[in-house]
Structure formats: C-alpha cells, structure tokens
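File shown: data.cif (mmCIF, C-alpha atoms).
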```
data_target
#
loop_
_atom_site.group_PDB
_atom_site.id
_atom_site.type_symbol
_atom_site.label_atom_id
_atom_site.label_comp_id
_atom_site.auth_asym_id
_atom_site.auth_seq_id
_atom_site.Cartn_x
_atom_site.Cartn_y
_atom_site.Cartn_z
ATOM 1 C CA MET A 20 38.605 -214.048 152.409
ATOM 2 C CA ARG A 21 38.688 -210.283 152.925
ATOM 3 C CA ALA A 22 35.463 -208.473 153.698
ATOM 4 C CA LEU A 23 34.514 -204.899 152.840
ATOM 5 C CA THR A 24 32.012 -202.619 154.650
ATOM 6 C CA VAL A 25 30.905 -198.965 154.391
ATOM 7 C CA VAL A 26 30.238 -196.609 157.374
ATOM 8 C CA ALA A 27 29.148 -193.048 158.101
ATOM 9 C CA GLY A 28 31.366 -190.717 156.161
ATOM 10 C CA GLY A 29 32.209 -193.406 153.632
ATOM 11 C CA PHE A 30 32.285 -197.058 152.616
ATOM 12 C CA LEU A 31 34.394 -199.270 154.832
ATOM 13 C CA LEU A 32 35.788 -202.513 153.460
ATOM 14 C CA PHE A 33 36.614 -204.952 156.254
ATOM 15 C CA ALA A 34 39.207 -207.535 155.288
ATOM 16 C CA GLY A 35 38.551 -210.120 157.972
ATOM 17 C CA CYS A 36 39.270 -213.828 157.935
ATOM 18 C CA GLY A 37 36.170 -216.007 158.285
ATOM 19 C CA PHE A 38 34.035 -212.908 158.775
ATOM 20 C CA ALA A 39 30.987 -213.759 160.880
ATOM 21 C CA GLY A 40 27.759 -211.922 161.466
ATOM 22 C CA ALA A 41 27.813 -210.210 158.094
ATOM 23 C CA ALA A 42 25.232 -207.528 157.588
ATOM 24 C CA GLU A 43 22.395 -208.124 155.184
ATOM 25 C CA ARG A 44 23.356 -207.235 151.623
ATOM 26 C CA ALA A 45 22.359 -203.669 150.770
ATOM 27 C CA SER A 46 20.016 -203.405 147.811
ATOM 28 C CA GLU A 47 20.477 -201.010 144.930
ATOM 29 C CA SER A 48 17.717 -198.768 146.303
ATOM 30 C CA GLN A 49 19.218 -198.740 149.801
ATOM 31 C CA ILE A 50 22.582 -197.690 148.406
ATOM 32 C CA LEU A 51 20.917 -195.068 146.223
ATOM 33 C CA ASN A 52 18.991 -193.532 149.110
ATOM 34 C CA ALA A 53 21.989 -193.551 151.449
ATOM 35 C CA LEU A 54 24.211 -191.732 148.959
ATOM 36 C CA LYS A 55 21.750 -188.974 148.123
ATOM 37 C CA PRO A 56 22.799 -185.638 149.626
ATOM 38 C CA PRO A 57 20.400 -183.624 151.820
ATOM 39 C CA PRO A 58 17.876 -181.516 149.862
ATOM 40 C CA LEU A 59 19.730 -178.248 150.510
ATOM 41 C CA ALA A 60 22.928 -179.697 149.075
ATOM 42 C CA ARG A 61 21.024 -180.684 145.938
ATOM 43 C CA ALA A 62 19.282 -177.347 145.420
ATOM 44 C CA LEU A 63 20.378 -175.849 142.105
ATOM 45 C CA THR A 64 19.594 -172.322 143.285
ATOM 46 C CA ALA A 65 21.486 -172.548 146.568
ATOM 47 C CA THR A 66 24.562 -170.326 146.847
ATOM 48 C CA PRO A 67 27.670 -172.403 147.638
ATOM 49 C CA SER A 68 29.171 -171.753 151.047
ATOM 50 C CA PRO A 69 32.915 -171.029 151.387
ATOM 51 C CA LYS A 70 33.301 -174.605 152.613
ATOM 52 C CA ASP A 71 31.584 -175.909 149.470
ATOM 53 C CA VAL A 72 33.745 -173.720 147.236
ATOM 54 C CA LYS A 73 36.901 -175.090 148.879
ATOM 55 C CA ARG A 74 35.644 -178.674 148.611
ATOM 56 C CA GLN A 75 34.850 -178.241 144.929
ATOM 57 C CA ALA A 76 38.338 -176.863 144.246
ATOM 58 C CA VAL A 77 40.008 -179.784 146.022
ATOM 59 C CA VAL A 78 37.833 -182.337 144.247
ATOM 60 C CA ARG A 79 38.436 -180.785 140.816
ATOM 61 C CA ASN A 80 42.185 -180.903 141.340
ATOM 62 C CA LEU A 81 42.388 -184.448 142.688
ATOM 63 C CA ARG A 82 40.046 -185.960 140.105
ATOM 64 C CA SER A 83 42.789 -185.578 137.512
ATOM 65 C CA VAL A 84 45.710 -186.226 139.869
ATOM 66 C CA THR A 85 44.602 -189.717 140.915
ATOM 67 C CA ARG A 86 44.504 -190.891 137.311
ATOM 68 C CA THR A 87 48.291 -190.599 137.064
ATOM 69 C CA ARG A 88 49.741 -191.048 140.568
ATOM 70 C CA ALA A 89 49.073 -191.890 144.192
ATOM 71 C CA LEU A 90 48.050 -189.007 146.430
ATOM 72 C CA THR A 91 50.460 -187.306 148.806
ATOM 73 C CA GLY A 92 49.827 -187.366 152.544
ATOM 74 C CA ASP A 93 48.471 -183.811 152.519
ATOM 75 C CA GLU A 94 46.118 -184.620 149.631
ATOM 76 C CA ARG A 95 44.842 -187.735 151.392
ATOM 77 C CA ASN A 96 44.191 -185.727 154.541
ATOM 78 C CA GLU A 97 42.246 -183.100 152.592
ATOM 79 C CA LEU A 98 39.969 -185.781 151.152
ATOM 80 C CA ALA A 99 39.504 -187.465 154.531
ATOM 81 C CA SER A 100 38.378 -184.154 156.013
ATOM 82 C CA ILE A 101 35.859 -183.624 153.214
ATOM 83 C CA ALA A 102 34.549 -187.199 153.477
ATOM 84 C CA LYS A 103 33.508 -186.784 157.115
ATOM 85 C CA ASP A 104 30.492 -184.657 156.169
ATOM 86 C CA ARG A 105 29.361 -186.466 153.021
ATOM 87 C CA PRO A 106 26.707 -189.230 152.468
ATOM 88 C CA SER A 107 27.725 -192.897 152.785
ATOM 89 C CA ILE A 108 26.483 -196.458 153.299
ATOM 90 C CA ASP A 109 27.698 -199.752 154.824
ATOM 91 C CA LEU A 110 28.531 -202.576 152.395
ATOM 92 C CA GLU A 111 30.557 -205.786 152.574
ATOM 93 C CA ILE A 112 33.036 -206.592 149.829
ATOM 94 C CA TYR A 113 35.450 -209.535 149.911
ATOM 95 C CA PHE A 114 39.072 -209.692 148.757
ATOM 96 C CA ASP A 115 41.299 -212.735 148.515
ATOM 97 C CA PHE A 116 43.644 -213.073 151.499
ATOM 98 C CA ASN A 117 46.484 -210.547 151.556
ATOM 99 C CA SER A 118 45.486 -209.469 148.065
ATOM 100 C CA SER A 119 43.724 -206.753 146.101
ATOM 101 C CA GLU A 120 41.920 -209.369 144.009
ATOM 102 C CA ILE A 121 38.143 -209.034 144.417
ATOM 103 C CA ALA A 122 36.562 -212.344 145.378
ATOM 104 C CA SER A 123 33.601 -213.698 143.407
ATOM 105 C CA LYS A 124 31.443 -213.427 146.546
ATOM 106 C CA ALA A 125 31.804 -209.640 146.346
ATOM 107 C CA VAL A 126 30.442 -209.290 142.820
ATOM 108 C CA PRO A 127 26.703 -208.984 143.734
ATOM 109 C CA ASP A 128 27.471 -206.156 146.173
ATOM 110 C CA LEU A 129 29.580 -204.314 143.639
ATOM 111 C CA MET A 130 26.883 -204.804 141.009
ATOM 112 C CA ASN A 131 24.355 -203.172 143.348
ATOM 113 C CA LEU A 132 26.793 -200.332 143.961
ATOM 114 C CA GLY A 133 27.413 -199.866 140.250
ATOM 115 C CA ARG A 134 23.709 -199.804 139.430
ATOM 116 C CA ALA A 135 23.132 -197.213 142.156
ATOM 117 C CA LEU A 136 25.967 -194.999 140.958
ATOM 118 C CA THR A 137 24.636 -195.078 137.405
ATOM 119 C CA ASN A 138 21.080 -194.294 138.474
ATOM 120 C CA ALA A 139 19.917 -190.906 137.179
ATOM 121 C CA GLU A 140 19.849 -189.520 140.739
ATOM 122 C CA LEU A 141 23.534 -190.235 141.363
ATOM 123 C CA GLN A 142 25.038 -190.476 137.897
ATOM 124 C CA GLY A 143 27.670 -187.856 137.172
ATOM 125 C CA GLY A 144 28.653 -187.342 140.796
ATOM 126 C CA VAL A 145 32.193 -187.747 142.135
ATOM 127 C CA TYR A 146 32.936 -190.586 144.569
ATOM 128 C CA LEU A 147 35.940 -191.286 146.777
ATOM 129 C CA LEU A 148 37.217 -194.864 147.152
ATOM 130 C CA SER A 149 39.758 -194.900 149.985
ATOM 131 C CA GLY A 150 41.543 -198.007 151.244
ATOM 132 C CA HIS A 151 42.581 -198.807 154.822
ATOM 133 C CA THR A 152 44.425 -201.711 156.474
ATOM 134 C CA ASP A 153 45.145 -202.874 160.017
ATOM 135 C CA ALA A 154 48.567 -202.402 161.636
ATOM 136 C CA LYS A 155 49.867 -205.902 160.849
ATOM 137 C CA GLY A 156 52.835 -205.798 158.492
ATOM 138 C CA GLY A 157 55.003 -202.912 157.389
ATOM 139 C CA GLU A 158 53.674 -199.414 156.828
ATOM 140 C CA ASP A 159 54.890 -199.237 153.228
ATOM 141 C CA TYR A 160 53.314 -202.579 152.350
ATOM 142 C CA ASN A 161 50.008 -201.644 153.965
ATOM 143 C CA GLN A 162 49.986 -198.315 152.145
ATOM 144 C CA ARG A 163 50.431 -199.994 148.765
ATOM 145 C CA LEU A 164 47.853 -202.698 149.557
ATOM 146 C CA SER A 165 45.241 -200.116 150.549
ATOM 147 C CA GLU A 166 45.843 -198.234 147.310
ATOM 148 C CA ARG A 167 45.528 -201.394 145.213
ATOM 149 C CA ARG A 168 42.261 -202.440 146.862
ATOM 150 C CA ALA A 169 40.670 -199.059 146.271
ATOM 151 C CA GLN A 170 41.884 -199.198 142.666
ATOM 152 C CA SER A 171 40.418 -202.696 142.227
ATOM 153 C CA VAL A 172 36.970 -201.428 143.202
ATOM 154 C CA LYS A 173 37.348 -198.510 140.805
ATOM 155 C CA ASP A 174 38.467 -200.768 137.951
ATOM 156 C CA PHE A 175 35.451 -203.015 138.478
ATOM 157 C CA LEU A 176 33.003 -200.106 138.371
ATOM 158 C CA VAL A 177 34.622 -198.527 135.308
ATOM 159 C CA ARG A 178 34.747 -201.839 133.450
ATOM 160 C CA LYS A 179 31.292 -203.134 134.300
ATOM 161 C CA PHE A 180 29.307 -199.888 134.306
ATOM 162 C CA ARG A 181 31.348 -197.562 132.087
ATOM 163 C CA ILE A 182 31.509 -195.012 134.894
ATOM 164 C CA SER A 183 33.762 -192.143 133.884
ATOM 165 C CA ASP A 184 37.281 -192.716 135.157
ATOM 166 C CA ASP A 185 37.666 -189.211 136.580
ATOM 167 C CA THR A 186 34.501 -189.400 138.689
ATOM 168 C CA LEU A 187 35.991 -192.129 140.911
ATOM 169 C CA VAL A 188 38.837 -190.809 143.062
ATOM 170 C CA THR A 189 41.044 -193.392 144.813
ATOM 171 C CA ALA A 190 43.184 -192.926 147.915
ATOM 172 C CA GLY A 191 45.151 -195.321 150.111
ATOM 173 C CA TYR A 192 45.568 -194.683 153.827
ATOM 174 C CA GLY A 193 47.288 -197.890 154.885
ATOM 175 C CA GLU A 194 47.259 -198.048 158.679
ATOM 176 C CA GLU A 195 47.188 -194.255 159.183
ATOM 177 C CA GLN A 196 43.532 -194.047 160.204
ATOM 178 C CA LEU A 197 42.717 -197.036 162.397
ATOM 179 C CA LYS A 198 39.012 -197.304 163.175
ATOM 180 C CA ASN A 199 39.701 -199.355 166.317
ATOM 181 C CA THR A 200 42.769 -197.751 167.873
ATOM 182 C CA SER A 201 42.560 -199.957 170.969
ATOM 183 C CA ASP A 202 43.059 -203.052 168.782
ATOM 184 C CA PRO A 203 45.252 -202.173 165.778
ATOM 185 C CA LEU A 204 44.827 -205.692 164.340
ATOM 186 C CA ALA A 205 41.013 -205.730 164.537
ATOM 187 C CA GLY A 206 39.028 -206.583 161.425
ATOM 188 C CA GLU A 207 37.190 -203.268 161.351
ATOM 189 C CA ASN A 208 40.503 -201.533 160.630
ATOM 190 C CA ARG A 209 40.796 -203.373 157.298
ATOM 191 C CA ARG A 210 38.423 -201.444 155.094
ATOM 192 C CA VAL A 211 37.855 -199.205 152.079
ATOM 193 C CA GLN A 212 35.776 -196.044 152.421
ATOM 194 C CA VAL A 213 33.489 -194.913 149.578
ATOM 195 C CA THR A 214 32.044 -191.420 149.845
ATOM 196 C CA ASN A 215 29.824 -189.155 147.747
ATOM 197 C CA LEU A 216 32.171 -186.183 147.355
ATOM 198 C CA GLU A 217 30.118 -184.136 144.941
ATOM 199 C CA THR A 218 26.825 -184.441 143.056
ATOM 200 C CA LYS A 219 26.490 -183.619 139.368
ATOM 201 C CA GLN A 220 24.465 -180.527 140.324
ATOM 202 C CA GLU A 221 27.107 -179.335 142.807
ATOM 203 C CA ALA A 222 29.877 -179.843 140.250
ATOM 204 C CA GLY A 223 27.992 -177.773 137.683
ATOM 205 C CA ARG A 224 27.058 -174.878 139.963
#
```

Structure rendered as structure tokens:
Amino acid sequence: MRALTVVAGGFLLFAGCGFAGAAERASESQILNALKPPPLARALTATPSPKDVKRQAVVRNLRSVTRTRALTGDERNELASIAKDRPSIDLEIYFDFNSSEIASKAVPDLMNLGRALTNAELQGGVYLLSGHTDAKGGEDYNQRLSERRAQSVKDFLVRKFRISDDTLVTAGYGEEQLKNTSDPLAGENRRVQVTNLETKQEAGR
C-alpha cells in the first residue's frame, strides 16, 4: 500500500510499503484549523502586498492551465515557491502499489479533507495538490506517476464533494524535490503536497 502525509507548506503523501507508526487520523476540525490563514491574511480591508499581488496573478493563470495540461517546470517551481509560506496539515493517504489508484483505507482521510474544504471557512479557496515520488525508477515515469496521484486526489474531491474543478490545482514533481536527499529511496520522499494557495477573500480582493 502507498501512504500519503501532509507537512508544513503542504500535504505530503508518503507512498511507503507496510507503513508503520502512522500518525493519528486528522479530524475534520483539525484539518480546518490547520488550513486557515493567519488573521492578517484573512482581513478583507488589508491592502495586498506586492508578494500577494504576484501570487494571485500566478494562481489565477494556473487555475485554468492545469485543467487542460500538465504544468511546465517553470510553472511548477513558481507554485512550489508560493506553497512554502501557505497553511498546511499532515495527513496519511494510501495508494495501491506503484499505482495512482486510491486505496479504500484512504477514503476516511479524504472524506475529512473534503468536509473541511467545503466548510464555510475554507470553501471557495484555491488549493494545490502536488505529487512527489522517490528516486527509484526513471525520471519520466516518476513524473507521470506523481501527476496521476495528485489528479486522483483531485478527482475524488470533485466527485464526492462537488468542489469546483478550477479551485484544485494539480502539479507533479516526480523526484525533483526529494524531502530526504540523503536517502533518495526513503518513504518520506513519496508524497503529495496539498496547500492553501488562496482564500476566497484573498481571491476577491
């Protein structure tokens, strides 16, 4: 089975075999609270900083792009840079071995995520789902697998919770951004990051 986890800056999906020591399942409220932006970022009267203006422009552009094609390397890097400073939470999601098929064991976690994202406090925001793999196998294969896994999570959320397609941005990073560079085959490298890119209030400012 493949396991999925989320970390600071985004959700990380670990795809480990026989994953041990799994973290306690995050509740809907825990996910909700972790993904809320700081109060200043949510203030309707706050004047956007130049950094916010740039982020909003990138997000607006890529929301439509990812519905029709995979992102380029430059586009993926732009999103990764934005994601570093945005709210996130750790989750575990399981995939079938060497596959983008979501395992039944992962459904409760994704249901909690979907309920949080459709809560009034988060609904309407824009979220990044980015896939990562370890260094085992070819680069091209890993790139495609990471893209498919991120897309699988998006498809689940759109299907089960009717979340708007263009508010979930997917990106695949393959083995480009190893979390554990000292062990390229380590389980923590096999992951999908999920990040709150933009709140509904920020998008409408």

Between atom CA of Ser201 of chain A and atom CA of Arg167 of chain A, what is the distance in Å, rounded to a tenth?
26.0 Å

Considering all atoms listed in the file, can you say which of A:Thr200, A:Thr137, A:Thr186, A:Asn80 comes closest to Asp153 of chain A?
A:Thr200

Distance table requested - segment 115-205 of chain A against segment 83-92 of chain A, cut-off 9 Å, all atoms listed in the file: one row per qualifying residue with the closest atom pair and its distance in Å to one decimal, ordered by chain and rising residue number, as CSV.
```
residue,atom,partner,partner_atom,distance
A:Glu166,CA,A:Ala89,CA,7.8
A:Asp184,CA,A:Arg86,CA,7.8
A:Asp185,CA,A:Ser83,CA,6.3
A:Leu187,CA,A:Thr85,CA,8.9
A:Val188,CA,A:Thr85,CA,6.2
A:Thr189,CA,A:Thr85,CA,6.4
A:Ala190,CA,A:Leu90,CA,6.4
A:Gly191,CA,A:Leu90,CA,7.9
A:Tyr192,CA,A:Gly92,CA,8.6
```

Now that the selection is made, can you save its residues with C-alpha atoms as a PDB file, keeping the file's coordinate frame?
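So the final result, stored in out29.pdb, reads:
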```pdb
ATOM      1  CA  GLU A 166      45.843-198.234 147.310  1.00  0.00           C
ATOM      2  CA  ASP A 184      37.281-192.716 135.157  1.00  0.00           C
ATOM      3  CA  ASP A 185      37.666-189.211 136.580  1.00  0.00           C
ATOM      4  CA  LEU A 187      35.991-192.129 140.911  1.00  0.00           C
ATOM      5  CA  VAL A 188      38.837-190.809 143.062  1.00  0.00           C
ATOM      6  CA  THR A 189      41.044-193.392 144.813  1.00  0.00           C
ATOM      7  CA  ALA A 190      43.184-192.926 147.915  1.00  0.00           C
ATOM      8  CA  GLY A 191      45.151-195.321 150.111  1.00  0.00           C
ATOM      9  CA  TYR A 192      45.568-194.683 153.827  1.00  0.00           C
TER      10      TYR A 192
END
```

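Distance-wise, atom CA of Val78 of chain A and atom CA of Asn199 of chain A end up 27.9 Å apart.
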
Could you tell me how far atom CA of Val213 of chain A sits from atom CA of Ile50 of chain A, in Å to one decimal place?
11.3 Å

Fill-in result for segment 74-85 of chain A, all heavy atoms as a CSV table (one decimal), in the coordinates of the input:
```csv
chain,number,residue,atom,x,y,z
A,74,ARG,N,35.8,-177.3,148.9
A,74,ARG,CA,35.6,-178.7,148.6
A,74,ARG,C,35.7,-178.9,147.1
A,74,ARG,O,36.3,-179.8,146.6
A,74,ARG,CB,34.3,-179.2,149.2
A,74,ARG,CG,34.0,-180.6,148.7
A,74,ARG,CD,32.7,-181.2,149.4
A,74,ARG,NE,31.6,-180.3,149.2
A,74,ARG,CZ,30.9,-180.2,148.0
A,74,ARG,NH1,31.3,-180.9,147.0
A,74,ARG,NH2,29.9,-179.3,147.9
A,75,GLN,N,34.9,-178.1,146.4
A,75,GLN,CA,34.8,-178.2,144.9
A,75,GLN,C,36.2,-178.0,144.3
A,75,GLN,O,36.6,-178.8,143.3
A,75,GLN,CB,33.8,-177.3,144.4
A,75,GLN,CG,32.4,-177.6,144.7
A,75,GLN,CD,31.4,-176.5,144.4
A,75,GLN,OE1,31.8,-175.4,143.9
A,75,GLN,NE2,30.2,-176.7,144.8
A,76,ALA,N,37.0,-177.1,144.8
A,76,ALA,CA,38.3,-176.9,144.2
A,76,ALA,C,39.3,-178.1,144.5
A,76,ALA,O,40.0,-178.5,143.6
A,76,ALA,CB,38.9,-175.6,144.9
A,77,VAL,N,39.2,-178.6,145.7
A,77,VAL,CA,40.0,-179.8,146.0
A,77,VAL,C,39.6,-181.0,145.2
A,77,VAL,O,40.5,-181.7,144.6
A,77,VAL,CB,39.9,-180.2,147.5
A,77,VAL,CG1,40.5,-181.5,147.8
A,77,VAL,CG2,40.5,-179.1,148.4
A,78,VAL,N,38.3,-181.2,145.0
A,78,VAL,CA,37.8,-182.3,144.2
A,78,VAL,C,38.2,-182.2,142.8
A,78,VAL,O,38.7,-183.2,142.1
A,78,VAL,CB,36.3,-182.5,144.4
A,78,VAL,CG1,35.8,-183.5,143.4
A,78,VAL,CG2,35.9,-182.9,145.8
A,79,ARG,N,38.1,-181.0,142.2
A,79,ARG,CA,38.4,-180.8,140.8
A,79,ARG,C,39.9,-181.1,140.6
A,79,ARG,O,40.3,-181.7,139.6
A,79,ARG,CB,38.2,-179.3,140.4
A,79,ARG,CG,36.7,-179.1,140.0
A,79,ARG,CD,36.6,-177.7,139.2
A,79,ARG,NE,37.2,-176.6,140.0
A,79,ARG,CZ,36.4,-175.9,140.8
A,79,ARG,NH1,35.2,-176.2,141.0
A,79,ARG,NH2,37.0,-174.9,141.5
A,80,ASN,N,40.8,-180.7,141.5
A,80,ASN,CA,42.2,-180.9,141.3
A,80,ASN,C,42.5,-182.4,141.4
A,80,ASN,O,43.3,-182.9,140.6
A,80,ASN,CB,43.0,-180.1,142.4
A,80,ASN,CG,44.4,-180.4,142.3
A,80,ASN,OD1,45.1,-180.2,141.3
A,80,ASN,ND2,45.0,-180.7,143.5
A,81,LEU,N,42.0,-183.1,142.4
A,81,LEU,CA,42.4,-184.4,142.7
A,81,LEU,C,41.7,-185.5,141.8
A,81,LEU,O,42.2,-186.6,141.6
A,81,LEU,CB,42.1,-184.8,144.1
A,81,LEU,CG,42.9,-184.0,145.2
A,81,LEU,CD1,42.6,-184.4,146.6
A,81,LEU,CD2,44.4,-184.0,144.9
A,82,ARG,N,40.7,-185.1,141.1
A,82,ARG,CA,40.0,-186.0,140.1
A,82,ARG,C,41.0,-186.3,139.0
A,82,ARG,O,41.1,-187.5,138.6
A,82,ARG,CB,38.8,-185.3,139.5
A,82,ARG,CG,37.6,-185.3,140.4
A,82,ARG,CD,36.4,-184.5,139.8
A,82,ARG,NE,35.9,-185.2,138.6
A,82,ARG,CZ,34.9,-184.7,137.9
A,82,ARG,NH1,34.3,-183.6,138.2
A,82,ARG,NH2,34.5,-185.3,136.8
A,83,SER,N,41.8,-185.3,138.6
A,83,SER,CA,42.8,-185.6,137.5
A,83,SER,C,44.1,-186.2,138.1
A,83,SER,O,44.7,-187.0,137.4
A,83,SER,CB,43.1,-184.3,136.8
A,83,SER,OG,43.6,-183.3,137.6
A,84,VAL,N,44.5,-185.8,139.3
A,84,VAL,CA,45.7,-186.2,139.9
A,84,VAL,C,45.7,-187.7,140.1
A,84,VAL,O,46.7,-188.4,139.7
A,84,VAL,CB,45.9,-185.5,141.2
A,84,VAL,CG1,47.0,-186.2,142.0
A,84,VAL,CG2,46.3,-184.1,141.0
A,85,THR,N,44.6,-188.3,140.6
A,85,THR,CA,44.6,-189.7,140.9
A,85,THR,C,44.6,-190.6,139.7
A,85,THR,O,44.7,-191.8,139.8
A,85,THR,CB,43.4,-190.1,141.8
A,85,THR,OG1,42.2,-189.7,141.1
A,85,THR,CG2,43.4,-189.3,143.1
```
